[in-house]
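As structure tokens, the structure follows; a few thoughts come after it.
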Amino acid sequence: MKKRIVEFKNINKSYKDVVAVKNFNLEIYEGEFLTLLGPSGCGKTTSLRILAGFEKPSNGEVYLEEQQINEIPSYQRPINMVFQNYALFPHMNIFDNVAYGLRQKKISEEEIKSEVTKFLSLVKLEGYEKRNIWQLSGGQQQRVALARALINKPKILLLDEPLAALDKKLRKEMQIELQNLQKNLNITFILVTHDQEEALSMSDRICVMNEGNIIQAGSPNDLYDLPINKFVANFIGKSNFIECEIQTISEKFIEINFNNKLLNLNKNLINFNQNDKAIMSFRPEKLKINYDVSLKNGLLLKSKVLNKIFLGEYTEYYLSNNEIGEFYFLNTNSREEDKKINPGTEINLWIDAGDIILLKNN
């Protein structure tokens, strides 16, 4: 059984008339890589700062290993934080930056040298000890900030959008490095980001936030395949949406009516009633071109291509259908197929009923 290391219990945080976090409840487990994901202003960084001790909740309790820590100052919490701007000391070389926390604890210089060497090796910066901060690239500075935070062996490492300033290639490399570090050290990592690709690639669990609260929490696969509502479906990747009405409900299936067409969809964890208005949601990569639809349960969408964008491993299409309006299609198939599909082309696309998720219409 997983050991709980952090609990947010009924946390609220307001700044005068602005509510940043409301009725926030979350349990975080030892050795977990958890991500708070959401748009700007959703409360994710405020929640992180409350755990770090940089902010006090307006009400509610925060527990660390079952001990309430509301009144414990930040410097007494076994928690370290890596900021978006890294917050390195420009007047110190790399060795002194990483050694700073250990020197504050009055540890011997011999042990400090051993530990700094170890942690610089962990972040692949061995041999860089005497370099100045301004001589490093953004990715290298990020590694120094990680080494400085990890050398104190915190129970929890907080990461506040630490990769935002890096270019795409370097960001992907650092995602892998962070994931490897977390698994090797078995430290609880809590990441704040608005980048859904970053969250999906690194996290054991993601909490999607909006307007100060958690909308849905789960594994990357669960959130992508089984979003609880339209906000989550559209924030984690791209989705297409079609309004429909619940016709009948059986033990395993829900029959929906869309423009007088009946379709059987798999039941999910969302409760519906007969005659409810609902939304069919499906991912653009699930669509198939000119698919053999005989004896199949799904939707045929006769569509016109409005635009196409080549993105390397796939091509993204914007299309229009008379019944559902504009929607997306991602083609990951052959380049030869792509060459035949251009703006103005009319194509038939098929979505299988098994790839459609039913969501509440709210």
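Following the order of the structure tokens, chains are lettered A, B, ..., residues in each are numbered from 1, and ligands are numbered from 1.
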Can you pull out the residues contacting Gln179 (chain A)? Cut-off 10 Å, using only C-alpha atoms, and skip same-chain residues under 4 positions away; I want them as a PyMOL selection string. chain A and resi 33+174-175+183-184+189+201-204
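Here the question is which of A:Asn80, A:Asn213, A:Ala233, A:Ser74 gets nearest to Asn23 (chain A) using only C-alpha atoms, and that residue is A:Asn213.
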Going by DSSP on the backbone, which residues of region 23-109 of chain A come out as alpha helix (DSSP H)? List them as a list in words.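 Filtering region 23-109 of chain A to alpha helix (DSSP H) leaves Lys44, Thr45, Thr46, Ser47, Leu48, Arg49, Ile50, Leu51, Ala52, Ile94, Phe95, Asp96, Asn97, Val98, Ala99, Tyr100, Gly101, Leu102, Arg103, Gln104 and Glu109 of chain A.
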Grab the residues selected above and save them as a PDB file, in the first residue's frame with N, CA and C atoms.
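Saved as out24.pdb:
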ATOM      1  N   LYS A  44      -2.527  26.445  -9.320  1.00  0.00           N
ATOM      2  CA  LYS A  44      -1.533  25.381  -9.156  1.00  0.00           C
ATOM      3  C   LYS A  44      -0.262  25.864  -8.441  1.00  0.00           C
ATOM      4  N   THR A  45       0.262  27.048  -8.817  1.00  0.00           N
ATOM      5  CA  THR A  45       1.468  27.554  -8.162  1.00  0.00           C
ATOM      6  C   THR A  45       1.177  27.981  -6.730  1.00  0.00           C
ATOM      7  N   THR A  46       0.001  28.541  -6.492  1.00  0.00           N
ATOM      8  CA  THR A  46      -0.378  28.905  -5.117  1.00  0.00           C
ATOM      9  C   THR A  46      -0.410  27.662  -4.233  1.00  0.00           C
ATOM     10  N   SER A  47      -0.956  26.564  -4.736  1.00  0.00           N
ATOM     11  CA  SER A  47      -0.998  25.312  -3.972  1.00  0.00           C
ATOM     12  C   SER A  47       0.414  24.836  -3.645  1.00  0.00           C
ATOM     13  N   LEU A  48       1.322  24.949  -4.617  1.00  0.00           N
ATOM     14  CA  LEU A  48       2.705  24.542  -4.411  1.00  0.00           C
ATOM     15  C   LEU A  48       3.372  25.423  -3.352  1.00  0.00           C
ATOM     16  N   ARG A  49       3.142  26.718  -3.404  1.00  0.00           N
ATOM     17  CA  ARG A  49       3.748  27.652  -2.452  1.00  0.00           C
ATOM     18  C   ARG A  49       3.198  27.454  -1.039  1.00  0.00           C
ATOM     19  N   ILE A  50       1.945  27.022  -0.939  1.00  0.00           N
ATOM     20  CA  ILE A  50       1.377  26.711   0.379  1.00  0.00           C
ATOM     21  C   ILE A  50       2.095  25.506   0.984  1.00  0.00           C
ATOM     22  N   LEU A  51       2.362  24.492   0.161  1.00  0.00           N
ATOM     23  CA  LEU A  51       3.090  23.320   0.645  1.00  0.00           C
ATOM     24  C   LEU A  51       4.517  23.689   1.029  1.00  0.00           C
ATOM     25  N   ALA A  52       5.147  24.560   0.246  1.00  0.00           N
ATOM     26  CA  ALA A  52       6.534  24.971   0.530  1.00  0.00           C
ATOM     27  C   ALA A  52       6.627  25.830   1.785  1.00  0.00           C
ATOM     28  N   ILE A  94      29.796  27.009  -9.821  1.00  0.00           N
ATOM     29  CA  ILE A  94      28.847  25.898  -9.725  1.00  0.00           C
ATOM     30  C   ILE A  94      29.025  25.128  -8.424  1.00  0.00           C
ATOM     31  N   PHE A  95      30.275  24.838  -8.055  1.00  0.00           N
ATOM     32  CA  PHE A  95      30.524  24.093  -6.821  1.00  0.00           C
ATOM     33  C   PHE A  95      29.889  24.804  -5.627  1.00  0.00           C
ATOM     34  N   ASP A  96      30.128  26.098  -5.502  1.00  0.00           N
ATOM     35  CA  ASP A  96      29.621  26.838  -4.346  1.00  0.00           C
ATOM     36  C   ASP A  96      28.099  26.955  -4.362  1.00  0.00           C
ATOM     37  N   ASN A  97      27.510  27.060  -5.551  1.00  0.00           N
ATOM     38  CA  ASN A  97      26.048  27.074  -5.640  1.00  0.00           C
ATOM     39  C   ASN A  97      25.456  25.784  -5.090  1.00  0.00           C
ATOM     40  N   VAL A  98      26.006  24.654  -5.526  1.00  0.00           N
ATOM     41  CA  VAL A  98      25.477  23.353  -5.099  1.00  0.00           C
ATOM     42  C   VAL A  98      25.775  23.096  -3.627  1.00  0.00           C
ATOM     43  N   ALA A  99      26.927  23.577  -3.169  1.00  0.00           N
ATOM     44  CA  ALA A  99      27.343  23.327  -1.782  1.00  0.00           C
ATOM     45  C   ALA A  99      26.635  24.228  -0.773  1.00  0.00           C
ATOM     46  N   TYR A 100      25.942  25.252  -1.236  1.00  0.00           N
ATOM     47  CA  TYR A 100      25.411  26.294  -0.345  1.00  0.00           C
ATOM     48  C   TYR A 100      24.578  25.715   0.809  1.00  0.00           C
ATOM     49  N   GLY A 101      23.628  24.848   0.500  1.00  0.00           N
ATOM     50  CA  GLY A 101      22.749  24.308   1.536  1.00  0.00           C
ATOM     51  C   GLY A 101      23.491  23.496   2.571  1.00  0.00           C
ATOM     52  N   LEU A 102      24.493  22.731   2.143  1.00  0.00           N
ATOM     53  CA  LEU A 102      25.272  21.913   3.082  1.00  0.00           C
ATOM     54  C   LEU A 102      26.124  22.797   3.989  1.00  0.00           C
ATOM     55  N   ARG A 103      26.639  23.892   3.443  1.00  0.00           N
ATOM     56  CA  ARG A 103      27.447  24.798   4.270  1.00  0.00           C
ATOM     57  C   ARG A 103      26.589  25.478   5.339  1.00  0.00           C
ATOM     58  N   GLN A 104      25.345  25.727   5.024  1.00  0.00           N
ATOM     59  CA  GLN A 104      24.450  26.311   6.025  1.00  0.00           C
ATOM     60  C   GLN A 104      24.217  25.344   7.187  1.00  0.00           C
ATOM     61  N   GLU A 109      33.945  20.273   5.115  1.00  0.00           N
ATOM     62  CA  GLU A 109      34.285  20.534   3.717  1.00  0.00           C
ATOM     63  C   GLU A 109      34.601  19.240   2.966  1.00  0.00           C
TER      64      GLU A 109
END
Any idea what the distance is between CA of Ile351 (chain A) and CA of Asp195 (chain A)? 27.6 Å
Under the rule that only C-alpha atoms are counted, which of A:Ile236, A:Val123, A:Val21, A:Leu166 is the nearest residue to Val144 (chain A)?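 Of all the options, A:Val123 lies closest to Val144 (chain A).
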I need the residue nearest Glu326 (chain A) from this list: A:Lys13, A:Arg283, A:Lys304, A:His91. Use only C-alpha atoms for the distance. A:Lys304
For Ala164 (chain A), work out the shell of residues within 8 Å, counting only C-alpha atoms and skipping chain neighbours fewer than 3 positions away, then give it as number ranges by chain. A: 84, 161, 171
May I have the selected residues written with N, CA and C atoms, as a CSV table (one decimal), in the first residue's frame?
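Saved as part.csv:
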chain,number,residue,atom,x,y,z
A,84,GLN,N,11.2,28.6,-11.8
A,84,GLN,CA,11.3,28.8,-13.2
A,84,GLN,C,12.6,29.6,-13.6
A,161,GLU,N,7.3,25.1,-12.9
A,161,GLU,CA,7.5,25.3,-14.4
A,161,GLU,C,9.0,25.4,-14.7
A,171,ARG,N,14.0,20.9,-23.7
A,171,ARG,CA,12.9,20.6,-22.8
A,171,ARG,C,12.6,19.1,-22.8
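Remark: for Ile11 (chain A), the closest of the candidate residues A:Glu27, A:Glu323, A:Glu243, A:Glu61 is A:Glu61 (distances computed over only C-alpha atoms).
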Need to verify the contact set: Thr193 (chain A), 12 Å, only C-alpha atoms, exclusion of same-chain residues closer than 2 positions in sequence. Can you return it as a compact mmCIF listing (two decimals) with C-alpha atoms, in the first residue's frame?
# COMPACT_ATOMS: atom_id res chain seq x y z
CA LEU A 34 2.71 14.17 -9.41
CA THR A 35 1.86 17.07 -11.70
CA LEU A 36 -0.54 19.96 -11.12
CA LEU A 37 -1.65 20.88 -14.63
CA GLY A 38 -3.85 23.76 -15.67
CA PRO A 39 -4.13 27.16 -17.34
CA SER A 40 -2.63 30.35 -15.91
CA GLY A 41 -4.47 31.51 -12.79
CA CYS A 42 -5.93 28.09 -11.92
CA GLY A 43 -4.26 27.95 -8.48
CA LYS A 44 -1.53 25.38 -9.16
CA THR A 45 1.47 27.55 -8.16
CA LEU A 48 2.70 24.54 -4.41
CA PHE A 83 11.98 27.84 -9.62
CA GLN A 84 11.31 28.80 -13.22
CA LEU A 158 8.76 21.07 -5.84
CA LEU A 159 9.20 22.11 -9.48
CA ASP A 160 7.54 25.37 -10.53
CA GLU A 161 7.49 25.31 -14.36
CA PRO A 162 11.26 24.60 -14.37
CA LEU A 163 11.50 23.85 -18.11
CA ALA A 164 9.48 26.80 -19.43
CA ILE A 190 5.54 17.68 -7.49
CA LEU A 191 5.58 19.57 -10.79
CA ASP A 195 2.27 22.16 -20.74
CA GLN A 196 0.11 19.04 -21.22
CA GLU A 197 2.82 17.18 -23.19
CA GLU A 198 5.25 17.74 -20.30
CA ALA A 199 2.69 16.43 -17.81
CA LEU A 200 1.80 13.36 -19.89
CA MET A 202 6.72 12.56 -16.93
CA SER A 203 3.92 12.00 -14.42
CA ILE A 206 -1.82 14.30 -13.04
CA CYS A 207 -4.25 16.66 -11.33
CA VAL A 208 -6.01 18.87 -13.87
CA MET A 209 -6.92 22.17 -12.19
Can you tell me which residues surround region 308-314 of chain A at a distance of at most 9 Å, considering only C-alpha atoms, apart from same-chain residues fewer than 3 positions away, and format the answer as a PDB file with N, CA and C atoms, in the first residue's frame?
ATOM      1  N   VAL A 305     -11.789  19.336 -46.603  1.00  0.00           N
ATOM      2  CA  VAL A 305     -10.561  19.810 -45.958  1.00  0.00           C
ATOM      3  C   VAL A 305     -10.472  21.327 -46.075  1.00  0.00           C
ATOM      4  N   TYR A 317      -5.146  18.083 -39.850  1.00  0.00           N
ATOM      5  CA  TYR A 317      -6.126  18.608 -40.805  1.00  0.00           C
ATOM      6  C   TYR A 317      -7.264  19.312 -40.069  1.00  0.00           C
ATOM      7  N   TYR A 318      -7.710  20.405 -40.644  1.00  0.00           N
ATOM      8  CA  TYR A 318      -8.922  21.083 -40.186  1.00  0.00           C
ATOM      9  C   TYR A 318      -9.973  20.859 -41.261  1.00  0.00           C
ATOM     10  N   LEU A 319     -11.121  20.311 -40.852  1.00  0.00           N
ATOM     11  CA  LEU A 319     -12.149  19.931 -41.813  1.00  0.00           C
ATOM     12  C   LEU A 319     -13.501  20.487 -41.418  1.00  0.00           C
ATOM     13  N   LEU A 330      -5.970  13.973 -37.221  1.00  0.00           N
ATOM     14  CA  LEU A 330      -4.523  13.778 -37.268  1.00  0.00           C
ATOM     15  C   LEU A 330      -4.239  12.521 -38.065  1.00  0.00           C
ATOM     16  N   ASN A 331      -3.511  12.656 -39.152  1.00  0.00           N
ATOM     17  CA  ASN A 331      -3.173  11.514 -39.993  1.00  0.00           C
ATOM     18  C   ASN A 331      -1.743  11.085 -39.702  1.00  0.00           C
ATOM     19  N   THR A 332      -1.596   9.899 -39.149  1.00  0.00           N
ATOM     20  CA  THR A 332      -0.263   9.370 -38.842  1.00  0.00           C
ATOM     21  C   THR A 332       0.131   8.288 -39.841  1.00  0.00           C
ATOM     22  N   ASN A 333      -0.626   8.166 -40.912  1.00  0.00           N
ATOM     23  CA  ASN A 333      -0.378   7.128 -41.902  1.00  0.00           C
ATOM     24  C   ASN A 333       0.658   7.568 -42.939  1.00  0.00           C
ATOM     25  N   ARG A 335       2.898   9.041 -46.085  1.00  0.00           N
ATOM     26  CA  ARG A 335       3.062  10.353 -46.706  1.00  0.00           C
ATOM     27  C   ARG A 335       2.333  10.410 -48.053  1.00  0.00           C
ATOM     28  N   ILE A 341      -4.357  14.618 -50.076  1.00  0.00           N
ATOM     29  CA  ILE A 341      -5.372  15.338 -49.303  1.00  0.00           C
ATOM     30  C   ILE A 341      -4.922  16.771 -49.106  1.00  0.00           C
ATOM     31  N   ASN A 342      -5.581  17.696 -49.755  1.00  0.00           N
ATOM     32  CA  ASN A 342      -5.212  19.111 -49.693  1.00  0.00           C
ATOM     33  C   ASN A 342      -6.457  19.960 -49.444  1.00  0.00           C
ATOM     34  N   PRO A 343      -6.280  21.235 -49.057  1.00  0.00           N
ATOM     35  CA  PRO A 343      -7.450  22.102 -48.883  1.00  0.00           C
ATOM     36  C   PRO A 343      -8.358  22.055 -50.102  1.00  0.00           C
TER      37      PRO A 343
END
Let me make sure I understand: among A:Leu120, A:Ile187, A:Leu136, A:Val82, which one has the smallest atom-to-atom distance to Tyr29 (chain A) if we use only C-alpha atoms? A:Ile187
Interatomic distance, CA of Gly127 (chain A) to CA of Ala149 (chain A) (Å, one decimal):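 So the answer is 19.1 Å.
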Straight-line distance linking CA of Thr248 (chain A) with CA of Phe272 (chain A), stated in Å to one decimal: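 Computing the Euclidean distance for CA of Thr248 (chain A) and CA of Phe272 (chain A) yields 9.9 Å.
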Mind listing the strand (DSSP E or B) residues of region 56-142 of chain A, per DSSP on the backbone, as a list in words? Asn59, Gly60, Glu61, Val62, Tyr63, Leu64, Gln67, Gln68, Ile79, Asn80, Met81, Val82, Asn93 and Asn132 of chain A
Keeping only C-alpha atoms, write those residues as a compact mmCIF listing (two decimals), in the first residue's frame.
# COMPACT_ATOMS: atom_id res chain seq x y z
CA ASN A 59 -8.18 28.21 6.03
CA GLY A 60 -7.71 24.43 5.90
CA GLU A 61 -4.78 22.22 6.91
CA VAL A 62 -1.65 20.89 5.25
CA TYR A 63 -0.14 17.65 6.56
CA LEU A 64 3.33 16.26 5.95
CA GLN A 67 1.91 16.17 11.00
CA GLN A 68 0.08 19.45 10.45
CA ILE A 79 11.01 20.37 1.12
CA ASN A 80 13.09 22.04 -1.60
CA MET A 81 11.91 23.98 -4.62
CA VAL A 82 13.29 24.61 -8.12
CA ASN A 93 30.69 29.17 -9.19
CA ASN A 132 30.66 30.56 -13.48
